[in-house]
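The data block below is protein10.cif; it holds mmCIF, N, CA and C atoms.
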data_final
loop_
_atom_site.label_atom_id
_atom_site.label_comp_id
_atom_site.auth_asym_id
_atom_site.auth_seq_id
_atom_site.Cartn_x
_atom_site.Cartn_y
_atom_site.Cartn_z
N MET E 1 39.51 -13.41 38.76
CA MET E 1 40.35 -12.59 37.94
C MET E 1 40.78 -11.39 38.77
N PRO E 2 42.08 -11.06 38.73
CA PRO E 2 42.54 -9.89 39.47
C PRO E 2 41.90 -8.62 38.91
N GLU E 3 41.59 -7.68 39.79
CA GLU E 3 40.94 -6.42 39.40
C GLU E 3 41.76 -5.65 38.38
N ILE E 4 43.06 -5.72 38.45
CA ILE E 4 43.90 -4.96 37.54
C ILE E 4 43.76 -5.43 36.09
N LEU E 5 43.41 -6.70 35.88
CA LEU E 5 43.26 -7.23 34.52
C LEU E 5 41.85 -7.05 33.97
N ARG E 6 40.89 -6.78 34.83
CA ARG E 6 39.49 -6.65 34.38
C ARG E 6 39.33 -5.62 33.25
N PRO E 7 39.86 -4.38 33.36
CA PRO E 7 39.70 -3.42 32.25
C PRO E 7 40.38 -3.88 30.97
N VAL E 8 41.53 -4.52 31.06
CA VAL E 8 42.27 -4.98 29.89
C VAL E 8 41.48 -6.07 29.17
N ILE E 9 41.03 -7.05 29.92
CA ILE E 9 40.28 -8.16 29.31
C ILE E 9 38.93 -7.66 28.81
N GLY E 10 38.28 -6.81 29.61
CA GLY E 10 37.00 -6.24 29.18
C GLY E 10 37.15 -5.43 27.91
N GLY E 11 38.24 -4.65 27.80
CA GLY E 11 38.49 -3.85 26.60
C GLY E 11 38.75 -4.73 25.39
N ALA E 12 39.51 -5.81 25.59
CA ALA E 12 39.80 -6.73 24.48
C ALA E 12 38.52 -7.40 24.00
N ILE E 13 37.66 -7.77 24.92
CA ILE E 13 36.39 -8.40 24.54
C ILE E 13 35.52 -7.40 23.79
N GLN E 14 35.50 -6.15 24.25
CA GLN E 14 34.70 -5.11 23.58
C GLN E 14 35.21 -4.89 22.16
N VAL E 15 36.54 -4.77 21.99
CA VAL E 15 37.12 -4.56 20.66
C VAL E 15 36.81 -5.75 19.76
N ALA E 16 36.96 -6.96 20.27
CA ALA E 16 36.66 -8.15 19.47
C ALA E 16 35.18 -8.17 19.09
N GLY E 17 34.33 -7.81 20.02
CA GLY E 17 32.89 -7.76 19.73
C GLY E 17 32.55 -6.73 18.68
N GLU E 18 33.16 -5.53 18.78
CA GLU E 18 32.89 -4.47 17.79
C GLU E 18 33.40 -4.88 16.41
N THR E 19 34.53 -5.54 16.36
CA THR E 19 35.07 -6.01 15.08
C THR E 19 34.14 -7.04 14.47
N LEU E 20 33.66 -7.96 15.28
CA LEU E 20 32.74 -8.98 14.81
C LEU E 20 31.44 -8.35 14.32
N ILE E 21 30.91 -7.41 15.08
CA ILE E 21 29.67 -6.74 14.69
C ILE E 21 29.88 -5.96 13.39
N GLY E 22 31.00 -5.28 13.27
CA GLY E 22 31.29 -4.55 12.03
C GLY E 22 31.35 -5.48 10.83
N GLY E 23 32.00 -6.61 11.00
CA GLY E 23 32.09 -7.59 9.91
C GLY E 23 30.72 -8.17 9.57
N VAL E 24 29.91 -8.41 10.58
CA VAL E 24 28.57 -8.92 10.35
C VAL E 24 27.73 -7.89 9.61
N ARG E 25 27.81 -6.63 10.04
CA ARG E 25 27.04 -5.57 9.37
C ARG E 25 27.45 -5.46 7.90
N TYR E 26 28.74 -5.49 7.64
CA TYR E 26 29.23 -5.41 6.27
C TYR E 26 28.65 -6.56 5.45
N GLY E 27 28.74 -7.76 5.98
CA GLY E 27 28.22 -8.93 5.27
C GLY E 27 26.72 -8.85 5.05
N ILE E 28 25.99 -8.34 6.04
CA ILE E 28 24.54 -8.22 5.92
C ILE E 28 24.19 -7.20 4.84
N VAL E 29 24.88 -6.07 4.81
CA VAL E 29 24.60 -5.05 3.80
C VAL E 29 24.85 -5.60 2.40
N VAL E 30 25.96 -6.27 2.20
CA VAL E 30 26.26 -6.84 0.89
C VAL E 30 25.22 -7.90 0.51
N ALA E 31 24.85 -8.74 1.46
CA ALA E 31 23.85 -9.78 1.19
C ALA E 31 22.49 -9.17 0.87
N GLN E 32 22.10 -8.13 1.61
CA GLN E 32 20.81 -7.49 1.35
C GLN E 32 20.80 -6.80 -0.01
N LEU E 33 21.86 -6.14 -0.37
CA LEU E 33 21.92 -5.50 -1.68
C LEU E 33 21.88 -6.52 -2.81
N THR E 34 22.59 -7.62 -2.63
CA THR E 34 22.58 -8.68 -3.63
C THR E 34 21.19 -9.30 -3.74
N ALA E 35 20.56 -9.55 -2.60
CA ALA E 35 19.20 -10.11 -2.61
C ALA E 35 18.21 -9.15 -3.28
N ALA E 36 18.36 -7.86 -3.01
CA ALA E 36 17.48 -6.86 -3.63
C ALA E 36 17.66 -6.87 -5.14
N SER E 37 18.88 -7.00 -5.59
CA SER E 37 19.16 -7.04 -7.03
C SER E 37 18.48 -8.26 -7.67
N ILE E 38 18.62 -9.40 -7.05
CA ILE E 38 18.02 -10.63 -7.57
C ILE E 38 16.50 -10.53 -7.55
N THR E 39 15.95 -9.98 -6.48
CA THR E 39 14.50 -9.83 -6.36
C THR E 39 13.96 -8.92 -7.45
N MET E 40 14.62 -7.80 -7.69
CA MET E 40 14.14 -6.86 -8.71
C MET E 40 14.24 -7.46 -10.11
N ALA E 41 15.29 -8.21 -10.37
CA ALA E 41 15.42 -8.88 -11.67
C ALA E 41 14.29 -9.90 -11.84
N GLY E 42 14.00 -10.63 -10.78
CA GLY E 42 12.91 -11.60 -10.82
C GLY E 42 11.56 -10.93 -11.01
N LEU E 43 11.36 -9.79 -10.35
CA LEU E 43 10.11 -9.05 -10.50
C LEU E 43 9.94 -8.59 -11.94
N SER E 44 11.01 -8.15 -12.55
CA SER E 44 10.96 -7.74 -13.95
C SER E 44 10.46 -8.88 -14.83
N GLU E 45 10.99 -10.06 -14.61
CA GLU E 45 10.56 -11.22 -15.40
C GLU E 45 9.11 -11.59 -15.11
N GLN E 46 8.69 -11.47 -13.85
CA GLN E 46 7.30 -11.77 -13.50
C GLN E 46 6.34 -10.79 -14.17
N VAL E 47 6.71 -9.51 -14.20
CA VAL E 47 5.87 -8.51 -14.85
C VAL E 47 5.73 -8.83 -16.34
N ARG E 48 6.85 -9.13 -16.97
CA ARG E 48 6.80 -9.46 -18.40
C ARG E 48 5.96 -10.71 -18.66
N SER E 49 6.14 -11.70 -17.82
CA SER E 49 5.39 -12.94 -17.97
C SER E 49 3.89 -12.72 -17.79
N ALA E 50 3.52 -11.96 -16.76
CA ALA E 50 2.11 -11.69 -16.50
C ALA E 50 1.48 -10.93 -17.65
N PHE E 51 2.17 -9.96 -18.17
CA PHE E 51 1.58 -9.16 -19.23
C PHE E 51 1.68 -9.84 -20.59
N ALA E 52 2.55 -10.80 -20.75
CA ALA E 52 2.52 -11.63 -21.96
C ALA E 52 1.23 -12.45 -21.96
N TYR E 53 0.87 -12.93 -20.77
CA TYR E 53 -0.39 -13.66 -20.63
C TYR E 53 -1.58 -12.74 -20.94
N VAL E 54 -1.56 -11.52 -20.42
CA VAL E 54 -2.64 -10.57 -20.68
C VAL E 54 -2.70 -10.25 -22.17
N ASP E 55 -1.55 -10.12 -22.80
CA ASP E 55 -1.52 -9.85 -24.23
C ASP E 55 -2.13 -11.01 -25.02
N ASP E 56 -1.82 -12.25 -24.61
CA ASP E 56 -2.44 -13.42 -25.24
C ASP E 56 -3.96 -13.41 -25.06
N CYS E 57 -4.39 -13.02 -23.86
CA CYS E 57 -5.84 -12.91 -23.61
C CYS E 57 -6.46 -11.85 -24.52
N ALA E 58 -5.80 -10.74 -24.68
CA ALA E 58 -6.31 -9.68 -25.55
C ALA E 58 -6.46 -10.19 -26.98
N GLN E 59 -5.47 -10.93 -27.43
CA GLN E 59 -5.52 -11.49 -28.79
C GLN E 59 -6.72 -12.43 -28.92
N SER E 60 -6.97 -13.23 -27.91
CA SER E 60 -8.13 -14.14 -27.92
C SER E 60 -9.44 -13.37 -27.94
N VAL E 61 -9.50 -12.29 -27.18
CA VAL E 61 -10.73 -11.49 -27.14
C VAL E 61 -10.96 -10.80 -28.48
N TYR E 62 -9.90 -10.33 -29.14
CA TYR E 62 -10.05 -9.77 -30.50
C TYR E 62 -10.62 -10.83 -31.45
N LYS E 63 -10.10 -12.06 -31.36
CA LYS E 63 -10.59 -13.14 -32.22
C LYS E 63 -12.07 -13.42 -31.94
N LEU E 64 -12.42 -13.41 -30.64
CA LEU E 64 -13.83 -13.62 -30.28
C LEU E 64 -14.71 -12.51 -30.85
N ALA E 65 -14.21 -11.28 -30.80
CA ALA E 65 -14.98 -10.15 -31.36
C ALA E 65 -15.17 -10.34 -32.87
N ASP E 66 -14.11 -10.75 -33.55
CA ASP E 66 -14.22 -10.99 -34.99
C ASP E 66 -15.19 -12.14 -35.27
N GLN E 67 -15.10 -13.18 -34.46
CA GLN E 67 -16.00 -14.32 -34.63
C GLN E 67 -17.45 -13.90 -34.37
N ALA E 68 -17.66 -13.10 -33.33
CA ALA E 68 -19.01 -12.62 -33.01
C ALA E 68 -19.55 -11.76 -34.14
N ALA E 69 -18.70 -10.92 -34.71
CA ALA E 69 -19.13 -10.07 -35.83
C ALA E 69 -19.51 -10.92 -37.04
N ALA E 70 -18.74 -11.98 -37.29
CA ALA E 70 -19.03 -12.88 -38.42
C ALA E 70 -20.35 -13.62 -38.21
N LEU E 71 -20.73 -13.83 -36.95
CA LEU E 71 -21.98 -14.52 -36.64
C LEU E 71 -23.15 -13.55 -36.47
N SER E 72 -22.91 -12.31 -36.83
CA SER E 72 -23.95 -11.26 -36.76
C SER E 72 -24.46 -11.00 -35.34
N VAL E 73 -23.55 -11.11 -34.37
CA VAL E 73 -23.88 -10.73 -32.99
C VAL E 73 -24.02 -9.22 -32.96
N ASP E 74 -24.87 -8.70 -32.07
CA ASP E 74 -25.11 -7.26 -32.06
C ASP E 74 -23.80 -6.48 -31.94
N GLN E 75 -23.77 -5.33 -32.57
CA GLN E 75 -22.56 -4.52 -32.68
C GLN E 75 -22.05 -4.05 -31.32
N SER E 76 -22.92 -3.78 -30.36
CA SER E 76 -22.46 -3.31 -29.04
C SER E 76 -21.66 -4.40 -28.33
N THR E 77 -22.06 -5.65 -28.49
CA THR E 77 -21.30 -6.76 -27.87
C THR E 77 -19.94 -6.89 -28.54
N VAL E 78 -19.91 -6.80 -29.85
CA VAL E 78 -18.64 -6.88 -30.59
C VAL E 78 -17.74 -5.72 -30.16
N ASN E 79 -18.31 -4.52 -30.08
CA ASN E 79 -17.53 -3.34 -29.67
C ASN E 79 -16.99 -3.48 -28.25
N GLU E 80 -17.80 -4.03 -27.33
CA GLU E 80 -17.35 -4.23 -25.95
C GLU E 80 -16.15 -5.17 -25.90
N HIS E 81 -16.18 -6.23 -26.69
CA HIS E 81 -15.05 -7.17 -26.73
C HIS E 81 -13.80 -6.48 -27.27
N ARG E 82 -13.97 -5.73 -28.34
CA ARG E 82 -12.81 -5.04 -28.92
C ARG E 82 -12.25 -3.99 -27.95
N GLU E 83 -13.14 -3.30 -27.26
CA GLU E 83 -12.69 -2.30 -26.27
C GLU E 83 -11.94 -2.97 -25.12
N ALA E 84 -12.46 -4.10 -24.66
CA ALA E 84 -11.78 -4.83 -23.58
C ALA E 84 -10.39 -5.28 -24.01
N ALA E 85 -10.29 -5.79 -25.24
CA ALA E 85 -8.99 -6.22 -25.75
C ALA E 85 -8.03 -5.04 -25.90
N THR E 86 -8.57 -3.90 -26.33
CA THR E 86 -7.74 -2.69 -26.48
C THR E 86 -7.21 -2.24 -25.12
N VAL E 87 -8.06 -2.29 -24.09
CA VAL E 87 -7.61 -1.92 -22.74
C VAL E 87 -6.51 -2.86 -22.27
N MET E 88 -6.69 -4.15 -22.51
CA MET E 88 -5.66 -5.13 -22.12
C MET E 88 -4.33 -4.81 -22.80
N ARG E 89 -4.38 -4.52 -24.09
CA ARG E 89 -3.15 -4.24 -24.83
C ARG E 89 -2.53 -2.92 -24.42
N SER E 90 -3.36 -1.94 -24.02
CA SER E 90 -2.80 -0.65 -23.62
C SER E 90 -1.96 -0.77 -22.35
N CYS E 91 -2.23 -1.78 -21.55
CA CYS E 91 -1.44 -2.01 -20.33
C CYS E 91 -0.04 -2.53 -20.64
N ARG E 92 0.12 -3.12 -21.82
CA ARG E 92 1.39 -3.74 -22.16
C ARG E 92 2.55 -2.75 -22.12
N ASN E 93 2.36 -1.55 -22.67
CA ASN E 93 3.44 -0.55 -22.67
C ASN E 93 3.81 -0.13 -21.25
N GLU E 94 2.79 0.03 -20.41
CA GLU E 94 3.06 0.37 -19.00
C GLU E 94 3.81 -0.76 -18.31
N ALA E 95 3.41 -1.99 -18.59
CA ALA E 95 4.07 -3.14 -17.98
C ALA E 95 5.52 -3.24 -18.43
N GLU E 96 5.77 -3.00 -19.69
CA GLU E 96 7.15 -3.05 -20.19
C GLU E 96 7.99 -1.97 -19.54
N ALA E 97 7.41 -0.78 -19.38
CA ALA E 97 8.14 0.31 -18.71
C ALA E 97 8.45 -0.08 -17.27
N MET E 98 7.49 -0.73 -16.60
CA MET E 98 7.72 -1.17 -15.22
C MET E 98 8.82 -2.24 -15.17
N ALA E 99 8.79 -3.16 -16.12
CA ALA E 99 9.81 -4.21 -16.17
C ALA E 99 11.20 -3.62 -16.38
N VAL E 100 11.29 -2.62 -17.26
CA VAL E 100 12.57 -1.96 -17.50
C VAL E 100 13.06 -1.25 -16.23
N GLU E 101 12.15 -0.58 -15.53
CA GLU E 101 12.51 0.09 -14.26
C GLU E 101 13.03 -0.93 -13.25
N CYS E 102 12.38 -2.09 -13.17
CA CYS E 102 12.83 -3.13 -12.25
C CYS E 102 14.23 -3.61 -12.61
N GLU E 103 14.48 -3.78 -13.92
CA GLU E 103 15.82 -4.19 -14.35
C GLU E 103 16.87 -3.15 -13.99
N GLU E 104 16.51 -1.89 -14.18
CA GLU E 104 17.45 -0.81 -13.84
C GLU E 104 17.72 -0.79 -12.34
N MET E 105 16.67 -1.00 -11.54
CA MET E 105 16.87 -1.05 -10.09
C MET E 105 17.75 -2.23 -9.71
N ALA E 106 17.55 -3.37 -10.36
CA ALA E 106 18.39 -4.55 -10.09
C ALA E 106 19.85 -4.23 -10.39
N THR E 107 20.08 -3.56 -11.50
CA THR E 107 21.44 -3.17 -11.87
C THR E 107 22.04 -2.21 -10.85
N LEU E 108 21.24 -1.25 -10.39
CA LEU E 108 21.73 -0.29 -9.40
C LEU E 108 22.03 -0.97 -8.06
N PHE E 109 21.18 -1.90 -7.63
CA PHE E 109 21.45 -2.63 -6.39
C PHE E 109 22.75 -3.43 -6.53
N ARG E 110 22.94 -4.09 -7.67
CA ARG E 110 24.15 -4.88 -7.90
C ARG E 110 25.38 -3.96 -7.89
N ALA E 111 25.27 -2.81 -8.57
CA ALA E 111 26.38 -1.85 -8.61
C ALA E 111 26.68 -1.31 -7.21
N THR E 112 25.65 -1.08 -6.42
CA THR E 112 25.84 -0.60 -5.06
C THR E 112 26.53 -1.66 -4.21
N ALA E 113 26.12 -2.91 -4.36
CA ALA E 113 26.77 -4.00 -3.63
C ALA E 113 28.24 -4.10 -4.04
N ASP E 114 28.49 -4.06 -5.35
CA ASP E 114 29.87 -4.13 -5.83
C ASP E 114 30.70 -2.94 -5.33
N GLY E 115 30.08 -1.75 -5.34
CA GLY E 115 30.77 -0.56 -4.83
C GLY E 115 31.07 -0.67 -3.35
N HIS E 116 30.12 -1.24 -2.60
CA HIS E 116 30.32 -1.41 -1.16
C HIS E 116 31.49 -2.37 -0.91
N VAL E 117 31.52 -3.45 -1.68
CA VAL E 117 32.63 -4.40 -1.55
C VAL E 117 33.94 -3.72 -1.93
N ALA E 118 33.93 -2.93 -3.01
CA ALA E 118 35.15 -2.24 -3.43
C ALA E 118 35.62 -1.23 -2.39
N ASP E 119 34.66 -0.52 -1.77
CA ASP E 119 35.02 0.50 -0.78
C ASP E 119 35.42 -0.09 0.57
N TYR E 120 34.72 -1.12 1.01
CA TYR E 120 34.89 -1.59 2.38
C TYR E 120 35.36 -3.03 2.50
N GLY E 121 35.38 -3.76 1.39
CA GLY E 121 35.75 -5.17 1.45
C GLY E 121 37.13 -5.41 2.02
N LEU E 122 38.10 -4.66 1.53
CA LEU E 122 39.48 -4.81 2.01
C LEU E 122 39.57 -4.45 3.49
N ILE E 123 38.88 -3.38 3.86
CA ILE E 123 38.88 -2.97 5.27
C ILE E 123 38.26 -4.05 6.14
N ALA E 124 37.13 -4.60 5.70
CA ALA E 124 36.47 -5.66 6.47
C ALA E 124 37.36 -6.88 6.58
N ASP E 125 38.03 -7.27 5.48
CA ASP E 125 38.93 -8.43 5.53
C ASP E 125 40.08 -8.20 6.50
N VAL E 126 40.69 -7.02 6.42
CA VAL E 126 41.81 -6.71 7.31
C VAL E 126 41.34 -6.69 8.75
N ALA E 127 40.21 -6.04 9.00
CA ALA E 127 39.69 -5.95 10.37
C ALA E 127 39.35 -7.32 10.93
N ASN E 128 38.79 -8.18 10.11
CA ASN E 128 38.41 -9.51 10.58
C ASN E 128 39.61 -10.43 10.77
N ASN E 129 40.72 -10.12 10.15
CA ASN E 129 41.91 -10.98 10.24
C ASN E 129 43.04 -10.38 11.05
N MET E 130 42.75 -9.30 11.78
CA MET E 130 43.81 -8.67 12.59
C MET E 130 44.15 -9.56 13.78
N PRO E 131 45.42 -9.62 14.10
CA PRO E 131 45.80 -10.36 15.30
C PRO E 131 45.16 -9.70 16.54
N GLY E 132 44.89 -10.50 17.53
CA GLY E 132 44.25 -9.99 18.75
C GLY E 132 45.05 -8.93 19.47
N SER E 133 46.36 -8.85 19.21
CA SER E 133 47.19 -7.88 19.91
C SER E 133 47.06 -6.47 19.32
N ILE E 134 46.44 -6.34 18.15
CA ILE E 134 46.28 -5.02 17.53
C ILE E 134 44.85 -4.55 17.79
N GLU E 135 44.74 -3.35 18.35
CA GLU E 135 43.43 -2.81 18.68
C GLU E 135 42.86 -2.04 17.50
N MET E 136 41.59 -2.21 17.26
CA MET E 136 40.89 -1.46 16.22
C MET E 136 40.65 -0.05 16.70
N ALA E 137 40.63 0.89 15.77
CA ALA E 137 40.25 2.26 16.10
C ALA E 137 38.76 2.30 16.37
N ASP E 138 38.31 3.35 16.99
CA ASP E 138 36.89 3.54 17.25
C ASP E 138 36.13 3.52 15.92
N ARG E 139 34.95 2.89 15.90
CA ARG E 139 34.15 2.74 14.67
C ARG E 139 33.88 4.07 13.98
N THR E 140 33.74 5.14 14.74
CA THR E 140 33.42 6.44 14.13
C THR E 140 34.56 6.92 13.24
N PHE E 141 35.77 6.48 13.51
CA PHE E 141 36.89 6.83 12.66
C PHE E 141 36.66 6.32 11.23
N TYR E 142 36.16 5.09 11.10
CA TYR E 142 35.93 4.49 9.79
C TYR E 142 34.67 5.01 9.13
N SER E 143 33.72 5.48 9.89
CA SER E 143 32.44 5.91 9.32
C SER E 143 32.50 7.30 8.71
N ASN E 144 33.58 8.04 8.92
CA ASN E 144 33.68 9.40 8.39
C ASN E 144 34.43 9.45 7.06
N ARG E 145 34.45 8.38 6.33
CA ARG E 145 35.15 8.35 5.04
C ARG E 145 34.47 9.22 4.05
#
Please re-express this file's structure in structure tokens.
Amino acid sequence: MPEILRPVIGGAIQVAGETLIGGVRYGIVVAQLTAASITMAGLSEQVRSAFAYVDDCAQSVYKLADQAAALSVDQSTVNEHREAATVMRSCRNEAEAMAVECEEMATLFRATADGHVADYGLIADVANNMPGSIEMADRTFYSNR
């Protein structure tokens, strides 16, 4: 390759590489935000499911306490069962609050992904589809929005 063309070709390759990297970064950010939203929504369901199971266990322990009381089992054993069931049930409100927080985070991640697409999607599409004869501006120009 003639020396005079080396800077031109090298510059074109650099611009093409920066455009590709910018498009990849944009896609990765959107994918990560979407994945975070899905993960948080799934976590919310897992928390609810786990504590529904704990609530069922608490109900069973209450029944056992009632059954033990009917069979004249000592009062301290009956009380221990009821206390254990009460502790299990007291966790339910905390679990529901955690599930709601996870849902809210999922919504915020989804809104952030949508906002990112709204803010940068058109720019990314235009940048990725520009003819090779048009040079992209320096990345810092776009980052100061």
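CA of Ala113 (chain E) lies 13.4 Å from atom N of Met40 (chain E).
Take CA of Asp66 (chain E) and CA of Arg48 (chain E): the distance between them is 26.8 Å.
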Let me know the residues the PyMOL selection byres ((chain E and resi 71-88) around 7) catches in the file above, as a ChimeraX atom specification.
-> /E:54-55,57-59,61-62,64-70,89-92
Quick one, how far is CA of Lys63 (chain E) from CA of Glu96 (chain E)?
-> 23.7 Å
Could you tell me which residues the PyMOL selection byres (((chain E and resi 99 and name CA) around 8) and name CA) returns for this structure, as a list in words?
-> Leu43, Ser44, Glu45, Val47, Arg48, Ala95, Glu96, Ala97, Met98, Val100, Glu101, Cys102 and Glu103 of chain E
Could you dump the residues just selected with N, CA and C atoms as a PDB file, in the frame of the given file?
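This went into part-v4.pdb:
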ATOM      1  N   LEU E  43      11.360  -9.790 -10.350  1.00  0.00           N
ATOM      2  CA  LEU E  43      10.110  -9.050 -10.500  1.00  0.00           C
ATOM      3  C   LEU E  43       9.940  -8.590 -11.940  1.00  0.00           C
ATOM      4  N   SER E  44      11.010  -8.150 -12.550  1.00  0.00           N
ATOM      5  CA  SER E  44      10.960  -7.740 -13.950  1.00  0.00           C
ATOM      6  C   SER E  44      10.460  -8.880 -14.830  1.00  0.00           C
ATOM      7  N   GLU E  45      10.990 -10.060 -14.610  1.00  0.00           N
ATOM      8  CA  GLU E  45      10.560 -11.220 -15.400  1.00  0.00           C
ATOM      9  C   GLU E  45       9.110 -11.590 -15.110  1.00  0.00           C
ATOM     10  N   VAL E  47       6.710  -9.510 -14.200  1.00  0.00           N
ATOM     11  CA  VAL E  47       5.870  -8.510 -14.850  1.00  0.00           C
ATOM     12  C   VAL E  47       5.730  -8.830 -16.340  1.00  0.00           C
ATOM     13  N   ARG E  48       6.850  -9.130 -16.970  1.00  0.00           N
ATOM     14  CA  ARG E  48       6.800  -9.460 -18.400  1.00  0.00           C
ATOM     15  C   ARG E  48       5.960 -10.710 -18.660  1.00  0.00           C
ATOM     16  N   ALA E  95       3.410  -1.990 -18.590  1.00  0.00           N
ATOM     17  CA  ALA E  95       4.070  -3.140 -17.980  1.00  0.00           C
ATOM     18  C   ALA E  95       5.520  -3.240 -18.430  1.00  0.00           C
ATOM     19  N   GLU E  96       5.770  -3.000 -19.690  1.00  0.00           N
ATOM     20  CA  GLU E  96       7.150  -3.050 -20.190  1.00  0.00           C
ATOM     21  C   GLU E  96       7.990  -1.970 -19.540  1.00  0.00           C
ATOM     22  N   ALA E  97       7.410  -0.780 -19.380  1.00  0.00           N
ATOM     23  CA  ALA E  97       8.140   0.310 -18.710  1.00  0.00           C
ATOM     24  C   ALA E  97       8.450  -0.080 -17.270  1.00  0.00           C
ATOM     25  N   MET E  98       7.490  -0.730 -16.600  1.00  0.00           N
ATOM     26  CA  MET E  98       7.720  -1.170 -15.220  1.00  0.00           C
ATOM     27  C   MET E  98       8.820  -2.240 -15.170  1.00  0.00           C
ATOM     28  N   VAL E 100      11.290  -2.620 -17.260  1.00  0.00           N
ATOM     29  CA  VAL E 100      12.570  -1.960 -17.500  1.00  0.00           C
ATOM     30  C   VAL E 100      13.060  -1.250 -16.230  1.00  0.00           C
ATOM     31  N   GLU E 101      12.150  -0.580 -15.530  1.00  0.00           N
ATOM     32  CA  GLU E 101      12.510   0.090 -14.260  1.00  0.00           C
ATOM     33  C   GLU E 101      13.030  -0.930 -13.250  1.00  0.00           C
ATOM     34  N   CYS E 102      12.380  -2.090 -13.170  1.00  0.00           N
ATOM     35  CA  CYS E 102      12.830  -3.130 -12.250  1.00  0.00           C
ATOM     36  C   CYS E 102      14.230  -3.610 -12.610  1.00  0.00           C
ATOM     37  N   GLU E 103      14.480  -3.780 -13.920  1.00  0.00           N
ATOM     38  CA  GLU E 103      15.820  -4.190 -14.350  1.00  0.00           C
ATOM     39  C   GLU E 103      16.870  -3.150 -13.990  1.00  0.00           C
TER      40      GLU E 103
END
Residues picked by the PyMOL selection byres ((chain E and resi 22-39) around 8) here, as a PyMOL selection string?
-> chain E and resi 16-21+40-45+102+105-114+116-117+120+124-125+127-128
Selection export as a tab-separated table (two decimals), keeping the file's coordinate frame, atoms kept: N, CA and C atoms:
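Output below, filename out-v9.tsv:
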chain	number	residue	atom	x	y	z
E	16	ALA	N	36.96	-6.96	20.27
E	16	ALA	CA	36.66	-8.15	19.47
E	16	ALA	C	35.18	-8.17	19.09
E	17	GLY	N	34.33	-7.81	20.02
E	17	GLY	CA	32.89	-7.76	19.73
E	17	GLY	C	32.55	-6.73	18.68
E	18	GLU	N	33.16	-5.53	18.78
E	18	GLU	CA	32.89	-4.47	17.79
E	18	GLU	C	33.40	-4.88	16.41
E	19	THR	N	34.53	-5.54	16.36
E	19	THR	CA	35.07	-6.01	15.08
E	19	THR	C	34.14	-7.04	14.47
E	20	LEU	N	33.66	-7.96	15.28
E	20	LEU	CA	32.74	-8.98	14.81
E	20	LEU	C	31.44	-8.35	14.32
E	21	ILE	N	30.91	-7.41	15.08
E	21	ILE	CA	29.67	-6.74	14.69
E	21	ILE	C	29.88	-5.96	13.39
E	40	MET	N	14.62	-7.80	-7.69
E	40	MET	CA	14.14	-6.86	-8.71
E	40	MET	C	14.24	-7.46	-10.11
E	41	ALA	N	15.29	-8.21	-10.37
E	41	ALA	CA	15.42	-8.88	-11.67
E	41	ALA	C	14.29	-9.90	-11.84
E	42	GLY	N	14.00	-10.63	-10.78
E	42	GLY	CA	12.91	-11.60	-10.82
E	42	GLY	C	11.56	-10.93	-11.01
E	43	LEU	N	11.36	-9.79	-10.35
E	43	LEU	CA	10.11	-9.05	-10.50
E	43	LEU	C	9.94	-8.59	-11.94
E	44	SER	N	11.01	-8.15	-12.55
E	44	SER	CA	10.96	-7.74	-13.95
E	44	SER	C	10.46	-8.88	-14.83
E	45	GLU	N	10.99	-10.06	-14.61
E	45	GLU	CA	10.56	-11.22	-15.40
E	45	GLU	C	9.11	-11.59	-15.11
E	102	CYS	N	12.38	-2.09	-13.17
E	102	CYS	CA	12.83	-3.13	-12.25
E	102	CYS	C	14.23	-3.61	-12.61
E	105	MET	N	16.67	-1.00	-11.54
E	105	MET	CA	16.87	-1.05	-10.09
E	105	MET	C	17.75	-2.23	-9.71
E	106	ALA	N	17.55	-3.37	-10.36
E	106	ALA	CA	18.39	-4.55	-10.09
E	106	ALA	C	19.85	-4.23	-10.39
E	107	THR	N	20.08	-3.56	-11.50
E	107	THR	CA	21.44	-3.17	-11.87
E	107	THR	C	22.04	-2.21	-10.85
E	108	LEU	N	21.24	-1.25	-10.39
E	108	LEU	CA	21.73	-0.29	-9.40
E	108	LEU	C	22.03	-0.97	-8.06
E	109	PHE	N	21.18	-1.90	-7.63
E	109	PHE	CA	21.45	-2.63	-6.39
E	109	PHE	C	22.75	-3.43	-6.53
E	110	ARG	N	22.94	-4.09	-7.67
E	110	ARG	CA	24.15	-4.88	-7.90
E	110	ARG	C	25.38	-3.96	-7.89
E	111	ALA	N	25.27	-2.81	-8.57
E	111	ALA	CA	26.38	-1.85	-8.61
E	111	ALA	C	26.68	-1.31	-7.21
E	112	THR	N	25.65	-1.08	-6.42
E	112	THR	CA	25.84	-0.60	-5.06
E	112	THR	C	26.53	-1.66	-4.21
E	113	ALA	N	26.12	-2.91	-4.36
E	113	ALA	CA	26.77	-4.00	-3.63
E	113	ALA	C	28.24	-4.10	-4.04
E	114	ASP	N	28.49	-4.06	-5.35
E	114	ASP	CA	29.87	-4.13	-5.83
E	114	ASP	C	30.70	-2.94	-5.33
E	116	HIS	N	30.12	-1.24	-2.60
E	116	HIS	CA	30.32	-1.41	-1.16
E	116	HIS	C	31.49	-2.37	-0.91
E	117	VAL	N	31.52	-3.45	-1.68
E	117	VAL	CA	32.63	-4.40	-1.55
E	117	VAL	C	33.94	-3.72	-1.93
E	120	TYR	N	34.72	-1.12	1.01
E	120	TYR	CA	34.89	-1.59	2.38
E	120	TYR	C	35.36	-3.03	2.50
E	124	ALA	N	37.13	-4.60	5.70
E	124	ALA	CA	36.47	-5.66	6.47
E	124	ALA	C	37.36	-6.88	6.58
E	125	ASP	N	38.03	-7.27	5.48
E	125	ASP	CA	38.93	-8.43	5.53
E	125	ASP	C	40.08	-8.20	6.50
E	127	ALA	N	40.21	-6.04	9.00
E	127	ALA	CA	39.69	-5.95	10.37
E	127	ALA	C	39.35	-7.32	10.93
E	128	ASN	N	38.79	-8.18	10.11
E	128	ASN	CA	38.41	-9.51	10.58
E	128	ASN	C	39.61	-10.43	10.77
Report the centre and edge lengths, in Å to one decimal, of an axis-aligned box enclosing every atom of region 71-76 of chain E listed in the file, padded by 6 Å on each side, as AutoDock Vina command-line options.
--center_x -22.9 --center_y -8.9 --center_z -32.6 --size_x 16.4 --size_y 23.2 --size_z 20.6
